[in-house]
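For reference, work.cif is printed below; it contains mmCIF, C-alpha atoms and all ligand atoms.
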data_entry
#
loop_
_atom_site.label_atom_id
_atom_site.label_comp_id
_atom_site.auth_asym_id
_atom_site.auth_seq_id
_atom_site.Cartn_x
_atom_site.Cartn_y
_atom_site.Cartn_z
CA MET U 1 122.42 128.08 81.75
CA VAL U 2 119.09 126.37 82.39
CA ARG U 3 118.81 122.61 82.77
CA PHE U 4 115.65 120.60 82.15
CA LEU U 5 115.17 116.96 83.09
CA SER U 6 111.95 114.98 82.83
CA LEU U 7 112.07 112.50 85.72
CA SER U 8 108.90 110.71 84.63
CA SER U 9 106.02 111.59 82.32
CA GLY U 10 102.73 109.72 81.96
CA SER U 11 99.90 108.19 83.92
CA ASN U 12 102.47 106.20 85.94
CA GLY U 13 103.74 109.46 87.47
CA ASN U 14 104.88 112.95 86.52
CA CYS U 15 107.80 115.03 87.71
CA TYR U 16 109.92 117.63 85.88
CA TYR U 17 113.08 119.39 87.02
CA PHE U 18 114.17 122.88 85.90
CA GLY U 19 117.12 124.77 87.29
CA ASP U 20 119.89 127.26 86.71
CA ASP U 21 122.84 128.30 88.91
CA LYS U 22 120.61 130.15 91.37
CA THR U 23 117.18 128.54 91.35
CA ALA U 24 115.86 125.01 90.85
CA PHE U 25 112.39 123.55 91.15
CA LEU U 26 110.22 120.54 90.40
CA ILE U 27 106.82 120.55 88.73
CA ASP U 28 104.61 117.81 90.27
CA ILE U 29 105.68 115.00 92.57
CA GLY U 30 104.01 111.98 91.00
CA ILE U 31 106.86 109.53 91.64
CA GLY U 32 108.58 108.46 94.85
CA ALA U 33 110.93 110.78 96.71
CA ARG U 34 113.74 108.23 96.57
CA THR U 35 113.38 107.85 92.79
CA ILE U 36 113.49 111.63 92.38
CA LYS U 37 116.66 111.84 94.47
CA LYS U 38 118.31 109.01 92.52
CA ARG U 39 117.38 110.33 89.05
CA LEU U 40 118.64 113.83 89.92
CA ALA U 41 121.86 112.40 91.38
CA GLU U 42 122.55 110.59 88.09
CA HIS U 43 123.11 114.09 86.66
CA ASP U 44 125.02 115.34 89.72
CA ILE U 45 122.02 117.37 90.85
CA SER U 46 121.51 117.33 94.60
CA ILE U 47 117.98 117.24 95.93
CA ASP U 48 119.11 119.89 98.45
CA SER U 49 119.49 122.33 95.55
CA VAL U 50 115.74 122.16 94.80
CA ASP U 51 114.17 125.38 96.06
CA ALA U 52 110.50 124.82 95.34
CA ILE U 53 107.74 122.54 94.10
CA PHE U 54 104.97 123.66 91.74
CA VAL U 55 101.73 121.67 91.48
CA THR U 56 99.61 121.38 88.31
CA HIS U 57 96.56 119.53 89.72
CA ASP U 58 95.26 117.09 92.27
CA HIS U 59 95.35 113.84 90.29
CA PHE U 60 97.24 110.92 91.81
CA ASP U 61 99.85 110.69 89.03
CA HIS U 62 100.93 114.29 89.81
CA ILE U 63 100.84 114.41 93.62
CA LYS U 64 101.34 110.79 94.70
CA SER U 65 104.45 111.53 96.77
CA LEU U 66 103.96 115.25 97.42
CA GLY U 67 103.06 114.63 101.08
CA THR U 68 106.00 112.30 101.73
CA PHE U 69 108.41 114.54 99.82
CA THR U 70 107.32 117.66 101.70
CA GLU U 71 107.54 115.99 105.11
CA ARG U 72 111.03 114.77 104.28
CA TYR U 73 112.52 117.84 102.59
CA GLN U 74 110.36 120.76 103.77
CA LYS U 75 110.51 122.56 100.40
CA PRO U 76 108.02 125.35 99.68
CA VAL U 77 105.02 124.08 97.69
CA TYR U 78 103.61 126.67 95.27
CA LEU U 79 100.04 126.27 94.14
CA THR U 80 96.75 128.12 93.72
CA ARG U 81 94.37 128.62 96.64
CA THR U 82 91.84 126.33 94.94
CA LEU U 83 94.36 123.50 94.72
CA ASP U 84 95.48 124.05 98.30
CA ARG U 85 91.89 123.58 99.48
CA ALA U 86 91.65 120.35 97.48
CA LEU U 87 94.98 119.02 98.78
CA ARG U 88 93.91 119.55 102.39
CA HIS U 89 91.41 116.74 101.83
CA ASN U 90 93.45 114.52 99.52
CA PHE U 91 94.83 111.35 101.12
CA CYS U 92 98.27 111.96 99.51
CA THR U 93 98.70 115.35 101.13
CA ALA U 94 96.17 115.97 103.94
CA GLY U 95 97.96 117.49 106.96
CA ARG U 96 101.38 116.94 105.37
CA LEU U 97 102.14 120.29 103.66
CA LYS U 98 102.00 122.34 106.86
CA GLY U 99 104.13 125.46 106.83
CA CYS U 100 105.28 124.85 103.25
CA VAL U 101 102.34 126.15 101.20
CA ARG U 102 102.83 129.34 99.14
CA TYR U 103 100.05 130.79 97.01
CA LEU U 104 100.19 131.67 93.33
CA SER U 105 97.66 133.86 91.53
CA GLU U 106 96.26 132.50 88.27
CA GLY U 107 96.98 134.57 85.16
CA GLU U 108 99.59 136.72 86.90
CA ALA U 109 103.36 136.69 86.86
CA ASN U 110 104.44 135.64 90.38
CA GLU U 111 108.02 136.52 91.28
CA VAL U 112 109.64 133.55 93.05
CA GLY U 113 113.19 134.10 94.23
CA GLU U 114 115.43 136.54 92.42
CA ASN U 115 115.41 135.23 88.86
CA LEU U 116 112.19 133.24 88.40
CA SER U 117 108.82 134.57 87.30
CA VAL U 118 105.95 132.06 87.16
CA THR U 119 102.47 132.46 85.65
CA PRO U 120 99.98 129.66 86.27
CA PHE U 121 97.05 129.52 83.83
CA VAL U 122 93.94 127.40 84.15
CA VAL U 123 93.35 124.62 81.62
CA PRO U 124 90.27 122.40 81.21
CA HIS U 125 90.67 118.97 82.86
CA ASP U 126 88.63 116.87 85.28
CA ALA U 127 90.59 117.65 88.46
CA THR U 128 89.48 120.19 91.09
CA GLN U 129 91.55 122.70 89.12
CA THR U 130 94.39 122.23 86.63
CA VAL U 131 97.00 124.78 85.70
CA GLY U 132 99.72 125.02 83.10
CA TYR U 133 102.83 127.05 83.91
CA HIS U 134 104.54 129.73 81.92
CA PHE U 135 107.81 130.78 83.50
CA VAL U 136 110.92 132.75 82.73
CA LEU U 137 114.14 131.43 84.23
CA ASP U 138 117.45 133.07 83.45
CA GLY U 139 115.82 134.78 80.46
CA GLU U 140 114.61 131.49 78.91
CA ARG U 141 110.84 131.26 78.46
CA PHE U 142 109.14 127.96 79.14
CA THR U 143 105.53 126.82 78.94
CA VAL U 144 104.56 123.49 80.49
CA MET U 145 101.04 122.15 80.02
CA THR U 146 100.03 118.62 80.81
CA ASP U 147 96.54 117.15 81.27
CA LEU U 148 94.10 119.32 79.35
CA GLY U 149 91.04 118.29 77.39
CA GLU U 150 91.05 120.95 74.72
CA VAL U 151 93.14 123.72 73.23
CA THR U 152 91.90 126.97 74.75
CA ASP U 153 92.80 130.52 73.73
CA ASP U 154 94.82 130.77 76.95
CA ALA U 155 96.75 127.60 76.11
CA VAL U 156 97.53 129.03 72.65
CA HIS U 157 98.55 132.37 74.18
CA TYR U 158 101.03 130.88 76.66
CA ALA U 159 102.39 128.41 74.08
CA SER U 160 103.02 131.36 71.77
CA LEU U 161 105.23 132.98 74.42
CA ALA U 162 107.48 129.95 74.81
CA ASP U 163 111.04 129.40 73.63
CA HIS U 164 110.66 125.88 75.01
CA LEU U 165 107.27 124.13 75.06
CA VAL U 166 106.45 121.01 77.08
CA VAL U 167 103.00 119.82 76.02
CA GLU U 168 100.85 116.75 76.44
CA SER U 169 100.30 114.51 73.40
CA ASN U 170 98.28 111.83 75.13
CA TYR U 171 96.52 109.65 72.58
CA ASP U 172 95.97 108.72 68.97
CA VAL U 173 92.21 108.83 68.32
CA ASP U 174 92.14 105.62 66.24
CA MET U 175 94.16 103.69 68.81
CA LEU U 176 91.85 104.89 71.58
CA MET U 177 88.64 104.10 69.69
CA THR U 178 89.74 100.63 68.56
CA GLY U 179 91.47 99.82 71.86
CA THR U 180 90.28 97.87 74.86
CA TYR U 181 89.36 100.72 77.22
CA PRO U 182 85.76 100.57 78.49
CA PRO U 183 83.38 103.06 76.77
CA GLU U 184 83.16 105.33 79.88
CA LEU U 185 86.95 105.70 80.03
CA LYS U 186 87.18 106.36 76.27
CA HIS U 187 84.53 109.04 76.70
CA ARG U 188 86.37 110.61 79.68
CA ILE U 189 89.62 110.88 77.70
CA LEU U 190 87.87 112.32 74.63
CA THR U 191 85.90 115.04 76.45
CA GLN U 192 86.88 118.67 76.79
CA HIS U 193 88.04 117.80 80.33
CA GLY U 194 90.12 114.78 79.37
CA HIS U 195 93.45 114.77 77.55
CA LEU U 196 94.94 116.16 74.33
CA SER U 197 95.05 113.85 71.33
CA ASN U 198 97.99 114.02 68.93
CA GLU U 199 95.71 115.99 66.55
CA GLN U 200 94.81 118.49 69.25
CA THR U 201 98.48 118.97 70.11
CA ALA U 202 99.11 119.55 66.40
CA SER U 203 96.38 122.19 66.39
CA LEU U 204 97.99 123.90 69.39
CA LEU U 205 101.31 123.99 67.52
CA ARG U 206 99.63 125.49 64.46
CA ARG U 207 97.65 128.09 66.39
CA SER U 208 100.60 129.19 68.56
CA ARG U 209 103.09 129.28 65.69
CA HIS U 210 105.90 131.80 66.33
CA GLU U 211 109.48 132.30 65.24
CA GLY U 212 110.88 132.13 68.77
CA LEU U 213 109.91 128.51 69.41
CA ARG U 214 113.12 126.48 69.75
CA ASP U 215 112.09 123.16 71.26
CA VAL U 216 108.96 121.09 71.71
CA TYR U 217 108.80 118.23 74.23
CA LEU U 218 105.82 115.89 73.99
CA CYS U 219 104.77 114.61 77.41
CA HIS U 220 102.15 112.45 79.18
CA LEU U 221 101.85 109.87 76.37
CA SER U 222 99.33 107.11 76.98
CA ALA U 223 100.89 103.66 77.26
CA ASN U 224 97.92 102.01 75.54
CA ASN U 225 96.60 104.58 73.09
CA ASN U 226 99.76 106.11 71.65
CA THR U 227 103.35 105.32 70.79
CA PRO U 228 106.36 107.64 70.85
CA SER U 229 106.76 107.30 67.07
CA VAL U 230 103.08 108.02 66.26
CA ALA U 231 103.10 111.13 68.52
CA PHE U 232 106.47 112.25 67.14
CA GLU U 233 105.41 111.89 63.48
CA SER U 234 102.19 113.83 64.05
CA ALA U 235 103.98 116.78 65.69
CA LYS U 236 106.91 116.64 63.22
CA LYS U 237 104.57 116.83 60.23
CA THR U 238 102.80 119.78 61.81
CA LEU U 239 106.02 121.67 62.61
CA GLU U 240 107.21 121.12 59.03
CA SER U 241 103.88 122.29 57.61
CA ILE U 242 104.12 125.59 59.49
CA GLY U 243 107.77 126.10 58.57
CA SER U 244 108.98 125.78 62.17
CA ARG U 245 112.59 124.78 62.81
CA ALA U 246 111.93 123.88 66.45
CA SER U 247 113.53 120.64 67.59
CA LEU U 248 111.17 117.91 68.75
CA LYS U 249 111.55 115.30 71.50
CA VAL U 250 109.23 112.75 73.10
CA LEU U 251 109.68 112.45 76.86
CA PRO U 252 109.86 108.86 78.15
CA ARG U 253 106.99 107.63 80.31
CA ALA U 254 108.64 105.46 82.92
CA CYS U 255 112.21 106.72 83.16
CA ALA U 256 114.15 109.95 83.09
CA SER U 257 114.89 111.78 79.86
CA GLU U 258 118.34 112.96 78.87
CA LEU U 259 119.37 116.26 80.46
CA PHE U 260 118.55 119.22 78.22
CA THR U 261 120.48 122.49 78.59
CA PHE U 262 119.70 125.95 77.25
ZN ZN Q 301 98.13 113.06 84.52
ZN ZN Q 302 95.11 114.62 85.36
#

Once more with this new file: its structure as structure tokens, please.
Amino acid sequence: MVRFLSLSSGSNGNCYYFGDDKTAFLIDIGIGARTIKKRLAEHDISIDSVDAIFVTHDHFDHIKSLGTFTERYQKPVYLTRTLDRALRHNFCTAGRLKGCVRYLSEGEANEVGENLSVTPFVVPHDATQTVGYHFVLDGERFTVMTDLGEVTDDAVHYASLADHLVVESNYDVDMLMTGTYPPELKHRILTQHGHLSNEQTASLLRRSRHEGLRDVYLCHLSANNNTPSVAFESAKKTLESIGSRASLKVLPRACASELFTF
């Protein structure tokens, strides 16, 4: 049985837990180590059971506590060589990941432990490099992609392999355009290296349509330019229009989700 828990999702901080009886890991450490420990413990998950950390990119809301967490718990940190180079000079992580770094190759299935296979794939976003993760744990196929500016063929490909899809649905275009963000920030979010709008997420769902998709989790919602119900309705309409029976959930921004099991 695989368990999935979103510990936090959004520009305030990102951290996701996945685990089965043998292997458990976190994707991104964008919230404090103590909060991670507490939110896992609420589901009787010990932080000692976490075997590895995977990093998506070098933005603050994804690596804020990676240095502190690694110094405290000494868990292996899996990332690409490009991201490792960036993290050596990032104030959150510089000099603090020593001895824990493990490299992953982009576009390849990397075997990690005995029952986990992980494929990082590059997505367009304005960090040094940003990757999504496709992984198979205990036979369940997951694709996690957060922070990407457009729907690429690669993104569609890895989404189409997923039984369970965690994907960004960051903003509603009208809310962004009529909102109070300064023009430069609006432009940054809208570019091909910004974030996915609800419409773009809908287009990903349409283009990656496949019978095997069982669940969709919308993540990294903007606090100012989206609401859970607007994002949910957009994706729900799209899933209905393509005849998908996948269940749909919106992951909360500032607290943990319920625990999902597969
Ligand atoms: Zn982010
Ligand atoms: Zn980012």

> Using all atoms listed in the file, which of U:Arg81, U:His220, U:Arg72, U:Arg253 sits nearest ligand ZN 301 (chain Q)?
Replying inline: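 So, comparing all the options, the nearest one is U:His220.
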
>> For a test of reading the model, state the distance in Å between CA of Tyr73 (chain U) and CA of Leu165 (chain U), rounded to one decimal.
In response: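 A separation of 28.7 Å between them.
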
> Which one is closest to Gly243 (chain U): U:Arg206, U:Val230, U:Asn224, U:Lys38? Count all atoms listed in the file.
Replying inline: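 Between U:Arg206, U:Val230, U:Asn224, U:Lys38, the residue approaching Gly243 (chain U) most closely is U:Arg206.
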
> Quick one: residues within 9 Å of ligand ZN 302 (chain Q), with all atoms listed in the file, as a PyMOL selection string?
Replying inline: chain U and resi 11+56-62+125-127+130+146-148+194-195

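In terms of minimum interatomic distance to ligand ZN 301 (chain Q), U:Val55 ranks closest within U:Val55, U:Ala256, U:Val118, U:Ala202, counting all atoms listed in the file.
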
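Between CA of Ser244 (chain U) and CA of Ala155 (chain U) the separation is 18.6 Å.
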
>> Taking 6 positions as the minimum chain separation for residues in the same chain, which residues sit within 12 Å of Tyr17 (chain U) when counting all atoms listed in the file? Answer as a PyMOL selection string.
In response: chain U and resi 2-9+23-29+36-37+39-40+43+45-47+49-54+144+256-261

List as a short mmCIF file (atom, residue, chain, number, x, y, z; two decimals) with C-alpha atoms, in the frame of the given file the protein and nucleic acid residues near Cys219 (chain U), meaning an atom at most 8 Å away when all atoms listed in the file are counted, but skip any in the same chain fewer than 4 places from it.
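Dumped to part39.cif:
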data_model
loop_
_atom_site.label_atom_id
_atom_site.label_comp_id
_atom_site.auth_asym_id
_atom_site.auth_seq_id
_atom_site.Cartn_x
_atom_site.Cartn_y
_atom_site.Cartn_z
CA SER U 9 106.02 111.59 82.32
CA GLY U 10 102.73 109.72 81.96
CA THR U 146 100.03 118.62 80.81
CA VAL U 166 106.45 121.01 77.08
CA VAL U 167 103.00 119.82 76.02
CA GLU U 168 100.85 116.75 76.44
CA SER U 169 100.30 114.51 73.40
CA ASN U 170 98.28 111.83 75.13
CA VAL U 250 109.23 112.75 73.10
CA LEU U 251 109.68 112.45 76.86
CA PRO U 252 109.86 108.86 78.15
CA ARG U 253 106.99 107.63 80.31
#

> Using all atoms listed in the file, which of U:Arg214, U:Tyr171, U:Arg85, U:Gln192 sits nearest Ala231 (chain U)?
Replying inline: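 Ranked by minimum distance to Ala231 (chain U), first place goes to U:Tyr171.
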
Mind checking which residues fall within 12 Å of Ala94 (chain U), counting only C-alpha atoms, ignoring those fewer than 5 positions away in the same chain, and posting them as an mmCIF file with C-alpha atoms, in the frame of the given file?
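Output saved as part-v5.cif:
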data_model
loop_
_atom_site.group_PDB
_atom_site.id
_atom_site.type_symbol
_atom_site.label_atom_id
_atom_site.label_comp_id
_atom_site.auth_asym_id
_atom_site.auth_seq_id
_atom_site.Cartn_x
_atom_site.Cartn_y
_atom_site.Cartn_z
ATOM 1 C CA ASP U 58 95.260 117.090 92.270
ATOM 2 C CA ILE U 63 100.840 114.410 93.620
ATOM 3 C CA LYS U 64 101.340 110.790 94.700
ATOM 4 C CA SER U 65 104.450 111.530 96.770
ATOM 5 C CA LEU U 66 103.960 115.250 97.420
ATOM 6 C CA GLY U 67 103.060 114.630 101.080
ATOM 7 C CA THR U 68 106.000 112.300 101.730
ATOM 8 C CA THR U 70 107.320 117.660 101.700
ATOM 9 C CA GLU U 71 107.540 115.990 105.110
ATOM 10 C CA ASP U 84 95.480 124.050 98.300
ATOM 11 C CA ARG U 85 91.890 123.580 99.480
ATOM 12 C CA ALA U 86 91.650 120.350 97.480
ATOM 13 C CA LEU U 87 94.980 119.020 98.780
ATOM 14 C CA ARG U 88 93.910 119.550 102.390
ATOM 15 C CA HIS U 89 91.410 116.740 101.830
#

> Suppose you want the space between CA of Asn14 (chain U) and CA of Gly30 (chain U); what is it in Å?
Replying inline: 4.7 Å

> From the set U:Asn198, U:His157, U:Asp138, U:His187, which residue has the shortest atom-to-atom contact distance to Val173 (chain U), counting all atoms listed in the file?
Replying inline: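 Of U:Asn198, U:His157, U:Asp138, U:His187, the one nearest Val173 (chain U), counting all atoms listed in the file, is U:Asn198.
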
>> Counting only C-alpha atoms, find residues at most 12 Å from (108.6, 123.5, 62.0) (file frame) and give them as a list in words.
In response: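 Checking each residue against the 12 Å limit leaves Ala202, Leu205, Arg206, Ser208, Arg209, His210, Glu211, Gly212, Leu213, Arg214, Asp215, Val216, Ser234, Ala235, Lys236, Lys237, Thr238, Leu239, Glu240, Ser241, Ile242, Gly243, Ser244, Arg245, Ala246, Ser247 and Leu248 of chain U.
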
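Checking U:Arg188, U:Asn225, U:Asn12, U:Asp44 one by one against ligand ZN 301 (chain Q), counting only C-alpha atoms and all ligand atoms, you find the shortest gap at U:Asn12.
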
>> Give me, as a list in words, all polymer residues having an atom no more than 8 Å from region 99-112 of chain U, counting all atoms listed in the file and skipping those fewer than 6 positions away in the same chain.
In response: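 Once the adjacent positions are removed, what remains is Thr70, Gln74, Lys75, Pro76, Val77, Tyr78, Leu79, Thr80, Arg81, Asp84, Val118, Thr119, Pro120, Phe121 and Val122 of chain U.
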
Written coordinates, N, CA and C atoms of region 114-125 of chain U as a compact mmCIF listing (two decimals), in the first residue's frame:
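The result, written out as selection.txt:
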# COMPACT_ATOMS: atom_id res chain seq x y z
N GLU U 114 15.05 -0.74 -3.26
CA GLU U 114 14.66 -1.98 -3.94
C GLU U 114 13.34 -1.90 -4.70
N ASN U 115 12.48 -0.94 -4.36
CA ASN U 115 11.17 -0.95 -5.02
C ASN U 115 10.73 0.41 -5.53
N LEU U 116 11.71 1.30 -5.78
CA LEU U 116 11.37 2.64 -6.26
C LEU U 116 12.19 2.96 -7.50
N SER U 117 11.50 3.39 -8.55
CA SER U 117 12.16 3.81 -9.78
C SER U 117 11.71 5.23 -10.07
N VAL U 118 12.65 6.14 -10.26
CA VAL U 118 12.34 7.57 -10.35
C VAL U 118 12.91 8.17 -11.63
N THR U 119 12.05 8.84 -12.41
CA THR U 119 12.51 9.51 -13.63
C THR U 119 12.25 11.01 -13.49
N PRO U 120 13.32 11.82 -13.37
CA PRO U 120 13.10 13.26 -13.39
C PRO U 120 13.03 13.75 -14.84
N PHE U 121 12.15 14.68 -15.12
CA PHE U 121 12.08 15.26 -16.47
C PHE U 121 12.02 16.78 -16.35
N VAL U 122 12.72 17.44 -17.28
CA VAL U 122 12.88 18.89 -17.18
C VAL U 122 11.60 19.59 -17.66
N VAL U 123 11.17 20.59 -16.90
CA VAL U 123 10.02 21.40 -17.29
C VAL U 123 10.45 22.87 -17.35
N PRO U 124 9.73 23.69 -18.14
CA PRO U 124 10.13 25.09 -18.29
C PRO U 124 9.66 25.95 -17.11
N HIS U 125 10.61 26.61 -16.44
CA HIS U 125 10.29 27.45 -15.28
C HIS U 125 11.52 28.31 -15.03
